[in-house]
Each structure stands twice: as C-alpha cells, then as structure tokens.
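Novice: File name query.cif; file contents mmCIF, C-alpha atoms and all ligand atoms; full text below.
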```cif
data_query
loop_
_atom_site.group_PDB
_atom_site.id
_atom_site.type_symbol
_atom_site.label_atom_id
_atom_site.label_comp_id
_atom_site.auth_asym_id
_atom_site.auth_seq_id
_atom_site.Cartn_x
_atom_site.Cartn_y
_atom_site.Cartn_z
ATOM 1 C CA MET A 52 127.770 97.385 128.756
ATOM 2 C CA LYS A 53 124.123 96.538 128.172
ATOM 3 C CA LEU A 54 121.839 97.843 125.444
ATOM 4 C CA TYR A 55 118.105 97.595 126.140
ATOM 5 C CA ARG A 56 116.172 97.383 122.891
ATOM 6 C CA LEU A 57 113.056 96.263 121.061
ATOM 7 C CA ARG A 58 114.019 94.483 117.842
ATOM 8 C CA TYR A 59 111.892 96.763 115.628
ATOM 9 C CA SER A 60 112.963 100.073 117.190
ATOM 10 C CA SER A 61 114.845 102.229 114.679
ATOM 11 C CA PHE A 62 116.408 104.236 117.504
ATOM 12 C CA ALA A 63 117.604 101.111 119.313
ATOM 13 C CA ARG A 64 118.925 99.492 116.126
ATOM 14 C CA LYS A 65 120.817 102.689 115.218
ATOM 15 C CA THR A 66 122.444 102.574 118.660
ATOM 16 C CA GLN A 67 123.238 98.871 118.314
ATOM 17 C CA MET A 68 124.899 99.522 114.937
ATOM 18 C CA LEU A 69 126.970 102.336 116.496
ATOM 19 C CA LEU A 70 128.223 99.967 119.210
ATOM 20 C CA GLU A 71 129.001 97.350 116.573
ATOM 21 C CA LEU A 72 130.814 99.759 114.248
ATOM 22 C CA LEU A 73 132.862 100.969 117.213
ATOM 23 C CA GLY A 74 133.644 97.378 118.223
ATOM 24 C CA LEU A 75 132.298 97.989 121.744
ATOM 25 C CA LYS A 76 131.439 94.769 123.518
ATOM 26 C CA HIS A 77 127.844 94.781 124.727
ATOM 27 C CA GLU A 78 125.018 92.562 125.829
ATOM 28 C CA LEU A 79 121.666 93.025 124.087
ATOM 29 C CA VAL A 80 118.634 92.952 126.365
ATOM 30 C CA GLU A 81 115.379 92.411 124.449
ATOM 31 C CA VAL A 82 112.862 94.306 126.547
ATOM 32 C CA ASN A 83 109.743 92.401 127.574
ATOM 33 C CA TYR A 84 106.970 94.490 125.991
ATOM 34 C CA GLY A 85 104.596 94.155 128.931
ATOM 35 C CA ASP A 86 107.036 94.092 131.841
ATOM 36 C CA ARG A 87 109.574 96.896 131.882
ATOM 37 C CA THR A 88 110.409 96.575 135.593
ATOM 38 C CA GLU A 89 114.169 96.269 134.990
ATOM 39 C CA LEU A 90 114.176 99.287 132.692
ATOM 40 C CA ALA A 91 112.065 101.433 135.023
ATOM 41 C CA GLU A 92 114.275 100.582 138.005
ATOM 42 C CA LEU A 93 117.425 101.279 136.026
ATOM 43 C CA THR A 94 116.312 104.657 134.677
ATOM 44 C CA GLY A 95 114.041 105.901 137.443
ATOM 45 C CA GLY A 96 110.935 105.537 135.275
ATOM 46 C CA TYR A 97 111.907 105.958 131.593
ATOM 47 C CA ILE A 98 110.626 102.904 129.724
ATOM 48 C CA TYR A 99 111.362 103.731 126.093
ATOM 49 C CA VAL A 100 114.213 102.080 124.250
ATOM 50 C CA PRO A 101 117.110 102.358 123.696
ATOM 51 C CA VAL A 102 118.736 102.648 127.103
ATOM 52 C CA LEU A 103 122.470 102.081 127.521
ATOM 53 C CA GLN A 104 124.011 100.910 130.778
ATOM 54 C CA GLU A 105 127.793 101.126 130.837
ATOM 55 C CA ASP A 106 130.020 98.823 132.867
ATOM 56 C CA ASP A 107 130.599 101.555 135.506
ATOM 57 C CA GLY A 108 126.804 101.760 135.993
ATOM 58 C CA THR A 109 126.244 104.966 134.000
ATOM 59 C CA VAL A 110 122.792 104.888 132.418
ATOM 60 C CA THR A 111 121.957 106.994 129.347
ATOM 61 C CA VAL A 112 118.529 107.255 127.760
ATOM 62 C CA ASP A 113 117.550 108.596 124.314
ATOM 63 C CA SER A 114 119.457 107.487 121.225
ATOM 64 C CA ARG A 115 120.804 110.924 120.353
ATOM 65 C CA ARG A 116 122.170 111.426 123.850
ATOM 66 C CA ILE A 117 123.674 107.933 123.746
ATOM 67 C CA ALA A 118 125.316 108.773 120.396
ATOM 68 C CA GLU A 119 126.666 112.069 121.780
ATOM 69 C CA ARG A 120 128.136 110.158 124.718
ATOM 70 C CA LEU A 121 129.700 107.406 122.594
ATOM 71 C CA LEU A 122 131.027 109.624 119.821
ATOM 72 C CA VAL A 123 133.939 111.371 121.508
ATOM 73 C CA GLY A 124 137.697 111.151 120.848
ATOM 74 C CA GLU A 125 138.720 108.272 118.597
ATOM 75 C CA ALA A 126 135.101 107.112 118.189
ATOM 76 C CA ALA A 127 134.116 110.560 116.880
ATOM 77 C CA ARG A 128 137.101 110.630 114.509
ATOM 78 C CA LYS A 129 135.911 107.293 113.146
ATOM 79 C CA LEU A 130 132.157 107.789 112.817
ATOM 80 C CA VAL A 131 131.828 111.597 112.650
ATOM 81 C CA PRO A 132 135.044 112.523 110.830
ATOM 82 C CA ALA A 133 136.050 116.164 110.298
ATOM 83 C CA PRO A 134 135.147 118.332 108.505
ATOM 84 C CA LEU A 135 131.761 116.633 107.996
ATOM 85 C CA GLN A 136 130.509 116.605 111.582
ATOM 86 C CA GLY A 137 127.673 119.039 110.794
ATOM 87 C CA PRO A 138 126.253 117.269 107.738
ATOM 88 C CA ILE A 139 126.659 113.829 109.338
ATOM 89 C CA TRP A 140 124.742 114.776 112.496
ATOM 90 C CA ALA A 141 122.159 116.594 110.362
ATOM 91 C CA TYR A 142 121.623 113.526 108.145
ATOM 92 C CA ALA A 143 121.241 111.343 111.245
ATOM 93 C CA ASP A 144 118.657 113.790 112.606
ATOM 94 C CA PHE A 145 116.824 113.681 109.241
ATOM 95 C CA CYS A 146 116.660 109.884 109.559
ATOM 96 C CA ASP A 147 115.423 110.001 113.156
ATOM 97 C CA ALA A 148 112.741 112.617 112.462
ATOM 98 C CA VAL A 149 111.630 113.086 108.841
ATOM 99 C CA LEU A 150 112.337 109.599 107.507
ATOM 100 C CA GLU A 151 111.249 107.750 110.645
ATOM 101 C CA ASP A 152 107.957 109.633 110.673
ATOM 102 C CA VAL A 153 107.008 107.994 107.355
ATOM 103 C CA LEU A 154 108.690 104.603 107.728
ATOM 104 C CA PHE A 155 107.253 103.791 111.152
ATOM 105 C CA ARG A 156 103.738 104.247 109.728
ATOM 106 C CA ILE A 157 104.585 101.676 107.045
ATOM 107 C CA ALA A 158 106.130 99.243 109.548
ATOM 108 C CA SER A 159 103.654 99.578 112.434
ATOM 109 C CA PRO A 160 100.747 97.459 111.107
ATOM 110 C CA ALA A 161 103.145 94.521 110.542
ATOM 111 C CA VAL A 162 104.804 95.005 113.950
ATOM 112 C CA HIS A 163 101.312 95.001 115.480
ATOM 113 C CA ALA A 164 100.360 91.774 113.691
ATOM 114 C CA ALA A 165 103.592 90.062 114.740
ATOM 115 C CA TRP A 166 102.935 90.251 118.500
ATOM 116 C CA LYS A 167 102.151 86.735 119.692
ATOM 117 C CA THR A 168 99.479 87.465 122.267
ATOM 118 C CA PRO A 169 96.207 89.435 122.069
ATOM 119 C CA TRP A 170 97.214 91.650 125.010
ATOM 120 C CA GLU A 171 100.539 92.612 123.361
ATOM 121 C CA ARG A 172 98.671 93.537 120.188
ATOM 122 C CA ALA A 173 96.124 95.485 122.242
ATOM 123 C CA LEU A 174 98.813 97.351 124.206
ATOM 124 C CA TYR A 175 100.723 98.212 121.022
ATOM 125 C CA GLN A 176 97.504 99.470 119.424
ATOM 126 C CA LEU A 177 96.634 101.503 122.517
ATOM 127 C CA THR A 178 100.032 103.272 122.592
ATOM 128 C CA LYS A 179 99.752 104.141 118.890
ATOM 129 C CA GLU A 180 96.091 105.230 119.055
ATOM 130 C CA ARG A 181 96.630 107.431 122.129
ATOM 131 C CA LYS A 182 99.208 109.382 120.131
ATOM 132 C CA PHE A 183 97.829 109.217 116.574
ATOM 133 C CA GLY A 184 94.093 108.675 117.008
ATOM 134 C CA ALA A 185 91.653 105.764 116.831
ATOM 135 C CA GLY A 186 92.060 103.518 113.798
ATOM 136 C CA CYS A 187 95.537 104.802 112.905
ATOM 137 C CA LEU A 188 96.998 101.335 112.272
ATOM 138 C CA GLU A 189 94.193 100.448 109.833
ATOM 139 C CA ALA A 190 94.535 103.859 108.159
ATOM 140 C CA TRP A 191 98.306 103.420 107.686
ATOM 141 C CA LEU A 192 97.751 99.971 106.201
ATOM 142 C CA LYS A 193 95.171 101.386 103.800
ATOM 143 C CA ASP A 194 97.531 104.234 102.842
ATOM 144 C CA GLN A 195 100.580 101.980 102.537
ATOM 145 C CA ALA A 196 101.115 102.515 98.804
ATOM 146 C CA ALA A 197 101.112 106.301 99.238
ATOM 147 C CA LEU A 198 103.376 106.076 102.297
ATOM 148 C CA LEU A 199 105.826 103.882 100.351
ATOM 149 C CA GLU A 200 105.837 106.406 97.520
ATOM 150 C CA ARG A 201 106.562 109.239 99.988
ATOM 151 C CA ALA A 202 109.369 107.170 101.505
ATOM 152 C CA ARG A 203 110.860 106.537 98.041
ATOM 153 C CA GLN A 204 110.838 110.284 97.374
ATOM 154 C CA LEU A 205 112.583 110.978 100.684
ATOM 155 C CA LEU A 206 115.177 108.300 99.977
ATOM 156 C CA GLN A 207 115.771 109.081 96.308
ATOM 157 C CA PRO A 208 118.720 111.472 96.838
ATOM 158 C CA THR A 209 120.322 108.957 99.212
ATOM 159 C CA LEU A 210 119.875 106.176 96.647
ATOM 160 C CA HIS A 211 121.621 108.327 94.028
ATOM 161 C CA THR A 212 124.487 108.823 96.477
ATOM 162 C CA LEU A 213 124.663 105.102 97.195
ATOM 163 C CA GLU A 214 124.905 104.312 93.475
ATOM 164 C CA GLN A 215 128.191 106.230 93.462
ATOM 165 C CA GLN A 216 129.758 105.346 96.808
ATOM 166 C CA PRO A 217 129.268 102.523 99.320
ATOM 167 C CA PHE A 218 128.163 104.637 102.279
ATOM 168 C CA VAL A 219 126.267 107.882 102.787
ATOM 169 C CA PHE A 220 129.392 109.986 103.348
ATOM 170 C CA GLY A 221 131.899 108.034 101.271
ATOM 171 C CA GLU A 222 134.018 104.932 101.509
ATOM 172 C CA ARG A 223 133.507 104.300 105.220
ATOM 173 C CA PRO A 224 130.414 104.061 107.433
ATOM 174 C CA THR A 225 129.534 106.973 109.705
ATOM 175 C CA LEU A 226 126.825 107.867 112.215
ATOM 176 C CA ALA A 227 124.667 108.729 109.179
ATOM 177 C CA ASP A 228 124.734 105.093 108.045
ATOM 178 C CA ALA A 229 123.864 103.827 111.517
ATOM 179 C CA ALA A 230 120.819 106.133 111.564
ATOM 180 C CA LEU A 231 119.691 105.114 108.072
ATOM 181 C CA TYR A 232 120.272 101.452 108.940
ATOM 182 C CA GLY A 233 118.101 101.750 112.068
ATOM 183 C CA ASN A 234 115.204 102.844 109.876
ATOM 184 C CA LEU A 235 115.773 100.155 107.264
ATOM 185 C CA VAL A 236 116.027 97.377 109.816
ATOM 186 C CA MET A 237 112.785 98.611 111.420
ATOM 187 C CA MET A 238 111.170 97.918 108.031
ATOM 188 C CA SER A 239 112.815 94.543 107.465
ATOM 189 C CA GLU A 240 112.078 93.378 111.032
ATOM 190 C CA ALA A 241 108.418 94.298 110.469
ATOM 191 C CA ASP A 242 108.279 92.510 107.087
ATOM 192 C CA PRO A 243 111.258 91.918 104.761
ATOM 193 C CA ALA A 244 108.955 92.430 101.755
ATOM 194 C CA LEU A 245 108.379 96.051 102.805
ATOM 195 C CA LEU A 246 112.051 96.981 102.487
ATOM 196 C CA ARG A 247 112.285 95.171 99.146
ATOM 197 C CA SER A 248 109.271 97.059 97.820
ATOM 198 C CA LEU A 249 110.834 100.337 98.970
ATOM 199 C CA SER A 250 113.992 99.677 96.954
ATOM 200 C CA PRO A 251 116.024 96.487 96.358
ATOM 201 C CA GLY A 252 119.155 98.686 96.464
ATOM 202 C CA LEU A 253 118.546 99.258 100.147
ATOM 203 C CA ILE A 254 118.832 95.548 100.909
ATOM 204 C CA ALA A 255 122.294 95.444 99.313
ATOM 205 C CA TYR A 256 123.227 98.582 101.283
ATOM 206 C CA GLN A 257 121.978 97.058 104.550
ATOM 207 C CA GLU A 258 124.118 93.964 103.911
ATOM 208 C CA ARG A 259 127.133 96.132 102.973
ATOM 209 C CA LEU A 260 126.924 98.000 106.271
ATOM 210 C CA GLU A 261 126.555 94.776 108.258
ATOM 211 C CA ALA A 262 129.642 93.407 106.496
ATOM 212 C CA ALA A 263 131.596 96.582 107.409
ATOM 213 C CA ARG A 264 131.268 95.928 111.153
ATOM 214 C CA PRO A 265 134.503 94.778 112.765
ATOM 215 C CA ALA A 266 134.379 91.116 113.760
ATOM 216 C CA ALA A 267 133.088 90.712 117.339
ATOM 217 C CA GLY A 268 136.029 90.187 119.684
HETATM 218 N N1 LIG A 301 113.842 110.014 121.134
HETATM 219 C C1 LIG A 301 113.922 108.648 121.588
HETATM 220 C C2 LIG A 301 112.735 107.872 121.039
HETATM 221 C C3 LIG A 301 112.658 106.479 121.643
HETATM 222 C C4 LIG A 301 111.392 105.760 121.224
HETATM 223 O O1 LIG A 301 110.395 106.368 120.781
HETATM 224 N N2 LIG A 301 111.413 104.446 121.362
HETATM 225 C C5 LIG A 301 110.248 103.628 121.058
HETATM 226 C C6 LIG A 301 110.594 102.500 120.128
HETATM 227 S S1 LIG A 301 111.066 103.113 118.539
HETATM 228 C C7 LIG A 301 109.737 102.961 122.324
HETATM 229 O O2 LIG A 301 110.495 102.615 123.198
HETATM 230 N N3 LIG A 301 108.421 102.813 122.407
HETATM 231 C C8 LIG A 301 107.832 102.192 123.549
HETATM 232 C C9 LIG A 301 106.700 101.302 123.188
HETATM 233 O O3 LIG A 301 106.562 100.978 122.007
HETATM 234 O O4 LIG A 301 105.974 100.927 124.086
HETATM 235 C C10 LIG A 301 115.255 108.053 121.140
HETATM 236 O O5 LIG A 301 115.847 108.562 120.171
HETATM 237 O O6 LIG A 301 115.752 107.119 121.798
#
```
Rewrite the structure from the file as structure tokens, please.
Specialist:
Amino acid sequence: MKLYRLRYSSFARKTQMLLELLGLKHELVEVNYGDRTELAELTGGYIYVPVLQEDDGTVTVDSRRIAERLLVGEAARKLVPAPLQGPIWAYADFCDAVLEDVLFRIASPAVHAAWKTPWERALYQLTKERKFGAGCLEAWLKDQAALLERARQLLQPTLHTLEQQPFVFGERPTLADAALYGNLVMMSEADPALLRSLSPGLIAYQERLEAARPAAG
C-alpha cells in the first residue's frame, strides 16, 4: 500500500505510526507541496494528506476514516483492545482536535520558514491566512510562549500518566499513542527545540514508541 503524506502533518504521521505498529508494509509518498496531480487523480480531487491507497486500489482519505478501516479484527484487538475502545478512540480524537489546535499554531511558523522556495512559503502562508486571518503566522510566533504554556496544561495529565506507565493506556502502544505521536512529531519536524521546550519527557516517550514498532519485514 501507499501512504501519501507531508512530513509535518500530524494526521499523516499518526497514520504512518499506525501502519508501522501494525507491521503493514507500505511505501511513503512525500507529496509535492505545489503539485498534487497524483493525489487529485487518485482521490477525485481531495488534496489533503493523509491518503491511503491499498494494494487492491482502494483509496481512503481522512486519517480517522483510515484508522477505522485499518483497525478491524486482529489489528483492533492489538491497538484498540477491549474494554478500552471508547476511551482510546476518545483520547485519539482529543489529540486530533483539542491538542492539534494548539500545537499546530506553535509549529506553523517554523514549518513556514523551512520551505525552500519563496512560492512554497507564500502558498503555505496563503492557506493559513485564508482560514485564520491575515498575519496569523506572525501572531502565533509572537504568542508562542503562551501557546506553549497552554499546550503544557493540556498535556500535563498525560505526562503524569507517562511517569507511571510507558504508554497512554498501559504497557503496550495503542491508537492513542499513534495520535499523540503524530502531534509530537509535527512539533519536532518543525523544530526539535519546540518539543524539548514543551517537555523533555515527551522526547523520551517519542523514542519509546518508535522503539516499540515491530522491525520492518
Ligand atoms: N481531517 C483530516 C485533516 C487533514 C489535514 O488537514 N491535512 C493537512 C496537513 S496536517 C493538509 O493536507 N493540508 C494541506 C496543505 O497544507 O496544503 C484528517 O484527519 O486526515
């Protein structure tokens, strides 16, 4: 199968971690920011990431729908084990909505600065400003200390949990960890210093989850 992603996308990196935890062989396709022809043709016009194309040609868009499709049978028993299906999905949704809403504002100015060409930076800025208003990237950079403090508050209960057990729901990784990881890797891809300033404990957790992936076959 093929996973279309942008390296800094929390939703794409969550999906990639799910595939890795499940030991599903896949090819990563780093989407060209300014030319999404392949993606548009594949999906009929949806050009967000992630998009998953399975070997039989089935195409699924939206990370939650991809997770719902992947997490059935043995895969669900592994990454959404009973009786915790409800809390695990709810924690993943918290990561994708509440947590992401703060963390992407912290990461976005650095993602913007990292684009190599002026037109990529301009296009990135345009997509953000059309949704969040003119000057949003500068405003988020200016408010970074307050945004980091809000993120620490949101993550504090999780950090307490992770002081007592290796993963969010216990001894083994679940969908919840993949969703949290997606958000953390968005931060470290933007600027590793950002994740460190959020909490050094999260770097150790990120490495622990990466080490828990089965070896690629
Ligand atoms: N609800 C979607 C959200 C997907 C999404 O917003 N993806 C962003 C990256 S995080 C994207 O593709 N943005 C396009 C762009 O930046 O041009 C999901 O969970 O997959």
Novice: I'd like the interatomic distance between atom CA of Val219 of chain A and atom CA of Ala255 of chain A, to a tenth of an Å.
Specialist: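 Atom CA of Val219 of chain A sits 13.5 Å away from atom CA of Ala255 of chain A.
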Novice: Check what the PyMOL selection byres (((not hetatm)) within 10 of (chain A and resi 301)) selects in the file above and give those residues as a PyMOL selection string.
Specialist: chain A and resi 55-66+82-85+87+97-102+111-118+144+147-148+151+155+171+174-179+233-234+237
Novice: Which is closer to Pro217 of chain A than all the others in A:Arg181, A:Arg247, A:Arg259, A:Tyr232, using all atoms listed in the file?
Specialist: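 Result for the nearest residue to Pro217 of chain A: A:Arg259.
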Novice: Can you tell me how far atom CA of Leu246 of chain A sits from atom CA of Leu205 of chain A, in Å to one decimal?
Specialist: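 So the two atoms, atom CA of Leu246 of chain A and atom CA of Leu205 of chain A, lie 14.1 Å apart.
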Novice: Compare A:Gly184, A:Pro251, A:Pro265, A:Pro224 by their minimum atom-to-atom distance to Arg128 of chain A, counting all atoms listed in the file, and give me the closest one.
Specialist: A:Pro224
Novice: Which residue gives the smallest distance to Met68 of chain A among A:Gln216, A:Val153, A:Leu54, A:Glu240, with only C-alpha atoms counted?
Specialist: A:Leu54
Novice: Please identify all polymer residues within 6 Å of Arg264 of chain A, counting only C-alpha atoms, omitting same-chain residues fewer than 2 positions from it, and present them as a list in words.
Specialist: Leu72, Glu261 and Ala262 of chain A
Novice: Write out the residues from the selection above, keeping C-alpha atoms, as a PDB file, in the coordinates of the input.
Specialist:
```pdb
ATOM      1  CA  LEU A  72     130.814  99.759 114.248  1.00  0.00           C
ATOM      2  CA  GLU A 261     126.555  94.776 108.258  1.00  0.00           C
ATOM      3  CA  ALA A 262     129.642  93.407 106.496  1.00  0.00           C
TER       4      ALA A 262
END
```
Novice: Interatomic distance between atom CA of Leu150 of chain A and atom CA of Ala202 of chain A?
Specialist: 7.1 Å
Novice: Once the PyMOL selection byres (((chain A and resi 241) around 7) and not hetatm) is applied to the coordinates I shared, what remains selected? I want it as a PyMOL selection string.
Specialist: chain A and resi 59+158+161-162+237-240+242-243
Novice: Pull the neighbourhood of (126.1, 98.7, 129.3) for me: all residues within 10 Å in file coordinates, counting all atoms listed in the file, as a PyMOL selection string.
Specialist: chain A and resi 52-55+75-80+102-111
Novice: Taking every listed atom of segment 156-174 of chain A and adding 8 Å to each side, what centre and edge lengths in Å (one decimal) does the axis-aligned box have, as AutoDock Vina command-line options?
Specialist:
```
--center_x 101.1 --center_y 95.5 --center_z 116.0 --size_x 26.0 --size_y 33.5 --size_z 34.0
```
Novice: Show me, as a PyMOL selection string, the residues that have an atom within 7 Å of Ala143 of chain A when counting all atoms listed in the file, minus same-chain residues fewer than 3 positions from it.
Specialist: chain A and resi 139-140+146-147+226-227+230
Novice: Starting from the shown file, work through the PyMOL selection byres (((chain A and resi 252) around 12) and not hetatm) and note down what comes out as a JSON list (two decimals) with C-alpha atoms, in the coordinates of the input.
Specialist:
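Final output, expr12.json:
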```
[["chain", "number", "residue", "atom", "x", "y", "z"],
["A", 203, "ARG", "CA", 110.86, 106.54, 98.04],
["A", 206, "LEU", "CA", 115.18, 108.30, 99.98],
["A", 207, "GLN", "CA", 115.77, 109.08, 96.31],
["A", 209, "THR", "CA", 120.32, 108.96, 99.21],
["A", 210, "LEU", "CA", 119.88, 106.18, 96.65],
["A", 211, "HIS", "CA", 121.62, 108.33, 94.03],
["A", 212, "THR", "CA", 124.49, 108.82, 96.48],
["A", 213, "LEU", "CA", 124.66, 105.10, 97.20],
["A", 214, "GLU", "CA", 124.90, 104.31, 93.48],
["A", 217, "PRO", "CA", 129.27, 102.52, 99.32],
["A", 235, "LEU", "CA", 115.77, 100.16, 107.26],
["A", 246, "LEU", "CA", 112.05, 96.98, 102.49],
["A", 247, "ARG", "CA", 112.28, 95.17, 99.15],
["A", 248, "SER", "CA", 109.27, 97.06, 97.82],
["A", 249, "LEU", "CA", 110.83, 100.34, 98.97],
["A", 250, "SER", "CA", 113.99, 99.68, 96.95],
["A", 251, "PRO", "CA", 116.02, 96.49, 96.36],
["A", 253, "LEU", "CA", 118.55, 99.26, 100.15],
["A", 254, "ILE", "CA", 118.83, 95.55, 100.91],
["A", 255, "ALA", "CA", 122.29, 95.44, 99.31],
["A", 256, "TYR", "CA", 123.23, 98.58, 101.28],
["A", 257, "GLN", "CA", 121.98, 97.06, 104.55],
["A", 258, "GLU", "CA", 124.12, 93.96, 103.91],
["A", 259, "ARG", "CA", 127.13, 96.13, 102.97]]
```
Novice: Restricting the calculation to only C-alpha atoms, which member of A:Gly124, A:Lys129, A:Asp194, A:Leu70 is positioned closest to Ile157 of chain A?
Specialist: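 Looking only at the distances to Ile157 of chain A, the closest residue turns out to be A:Asp194.
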